[in-house]
Amino acid sequence: MNTPPKKRRYEQPQISNVMGGVLLLAQKTGQINSGLSNPKHAVLLAKIVTEFEHLEDHMARFMAELSGADHRVCSYILRAIKSPRARTEVMESLLQQAPRNMALGEAYDQVIAEFWGTNKLRNKYVHGRWWTSAKGNLVLFAETDPHSFEFAKAAPIKLEELNYVIYRIQRTAVLVTHLTLVPDGERAQLPPVPPLAPPPSTKAARPKGRAKARPSRPQPPRKKMKKKAKK
């Protein structure tokens, strides 16, 4: 018996009414401004945007490697395809189905997977919502929400999170360069690309310091045992 597909309907998102109320109140009083005005965060976000543009140029050469076409032609094709997922599927189809790519190793699959993952990270921060405190010392971020609940999901963002996206973009560019710009005979002489590092923790770090000693409980005085007299 075939089970009918489950209907997809609206589900109430998990939001924090407290955080949303605090953020709205802070915006009304001028303590929080919409947008990103912190220089350190803004520079890293700009680097994510510009570094990814160079990665797309590298991916055009990667597609040329898979298709045998000129990399300029592949650049026209990739930029004409607006959907990031569609770009990935085109390159996957070339790698898996074209006879000319039968002997290519898993490094090519890794590049496509990394490009897809890096693209999702890039879009997360480029298309997200940003808020900055009036003093500029606090930056809040929330991913785009289809129901406009970003204000209730906003949370402080660390510089390490943005640096990790830049690291992923640059690492993917190195992987592509090894496969497209380095001759086959010289690839074995290149140092291996280090394995992918885990993303930074978004939890607030506990303040360092010595643990406070617990106060000792007062103990009752010990009773002295009387010695028995020897007979």
# chains A, B, ... in the order shown; residues from 1 in each chain; ligands from 1
>>> residues_around(residues="stretch 102-112 of chain A", least_positions_apart="5", cutoff="12 Å", atoms="only C-alpha atoms", output="ChimeraX atom specification")
/A:55-56,58-60,62-63,65-66,84-97,117-119,168-169,171-180,184,187,192-193,195-196
>>> write_last_selection(atoms="C-alpha atoms", output="CSV table (one decimal), in the first residue's frame")
chain,number,residue,atom,x,y,z
A,55,LEU,CA,36.2,31.9,-7.1
A,56,GLU,CA,33.5,32.0,-9.9
A,58,HIS,CA,38.1,29.7,-11.2
A,59,MET,CA,35.0,27.6,-11.6
A,60,ALA,CA,34.7,28.7,-15.2
A,62,PHE,CA,37.0,24.1,-13.9
A,63,MET,CA,33.9,23.8,-16.1
A,65,GLU,CA,38.3,21.3,-17.9
A,66,LEU,CA,35.1,19.1,-17.7
A,84,PRO,CA,23.5,28.2,-7.7
A,85,ARG,CA,22.1,24.7,-7.6
A,86,ALA,CA,21.6,24.6,-11.4
A,87,ARG,CA,25.3,25.6,-11.8
A,88,THR,CA,26.3,22.7,-9.6
A,89,GLU,CA,24.1,20.2,-11.4
A,90,VAL,CA,25.5,21.2,-14.8
A,91,MET,CA,29.1,20.5,-13.6
A,92,GLU,CA,28.0,17.3,-11.9
A,93,SER,CA,26.4,16.1,-15.1
A,94,LEU,CA,29.5,16.9,-17.1
A,95,LEU,CA,31.7,15.0,-14.6
A,96,GLN,CA,29.5,12.0,-14.2
A,97,GLN,CA,28.3,11.5,-17.8
A,117,GLY,CA,28.7,24.5,0.3
A,118,THR,CA,30.8,27.7,0.0
A,119,ASN,CA,28.1,29.3,-2.1
A,168,ARG,CA,36.3,28.2,2.8
A,169,ILE,CA,36.3,30.4,-0.4
A,171,ARG,CA,40.5,26.9,0.1
A,172,THR,CA,38.1,26.0,-2.7
A,173,ALA,CA,40.0,28.3,-5.0
A,174,VAL,CA,43.2,26.5,-4.2
A,175,LEU,CA,41.6,23.1,-5.0
A,176,VAL,CA,40.4,24.4,-8.3
A,177,THR,CA,43.8,25.9,-9.2
A,178,HIS,CA,45.6,22.6,-8.5
A,179,LEU,CA,43.3,20.9,-11.0
A,180,THR,CA,43.1,23.5,-13.8
A,184,ASP,CA,49.4,16.9,-14.6
A,187,ARG,CA,50.5,18.1,-9.3
A,192,PRO,CA,48.4,18.4,-0.2
A,193,VAL,CA,45.6,20.8,0.7
A,195,PRO,CA,41.6,18.9,5.4
A,196,LEU,CA,38.6,21.1,5.9
>>> closest_residue(among="A:Pro191, A:Gln170, A:Leu140, A:Pro199", to="A:His54", atoms="only C-alpha atoms")
A:Gln170
>>> atom_distance(atom1="atom CA of A:Thr144", atom2="atom CA of A:His127")
6.7 Å
>>> closest_residue(among="A:Glu143, A:Ser148, A:His41, A:Pro156", to="A:Lys120", atoms="only C-alpha atoms")
A:Glu143
>>> select_by_dssp(residues="stretch 145-200 of chain A", states="alpha helix (DSSP H)", output="PyMOL selection string")
chain A and resi 150-153+159-180+184-187
>>> residues_around(residues="A:Tyr167", least_positions_apart="5", cutoff="12 Å", atoms="only C-alpha atoms", output="JSON, numbers by chain")
{"A": [44, 47, 48, 51, 52, 114, 118, 121, 122, 160, 161, 162, 172, 173, 174, 194, 196, 197, 198, 199, 200]}
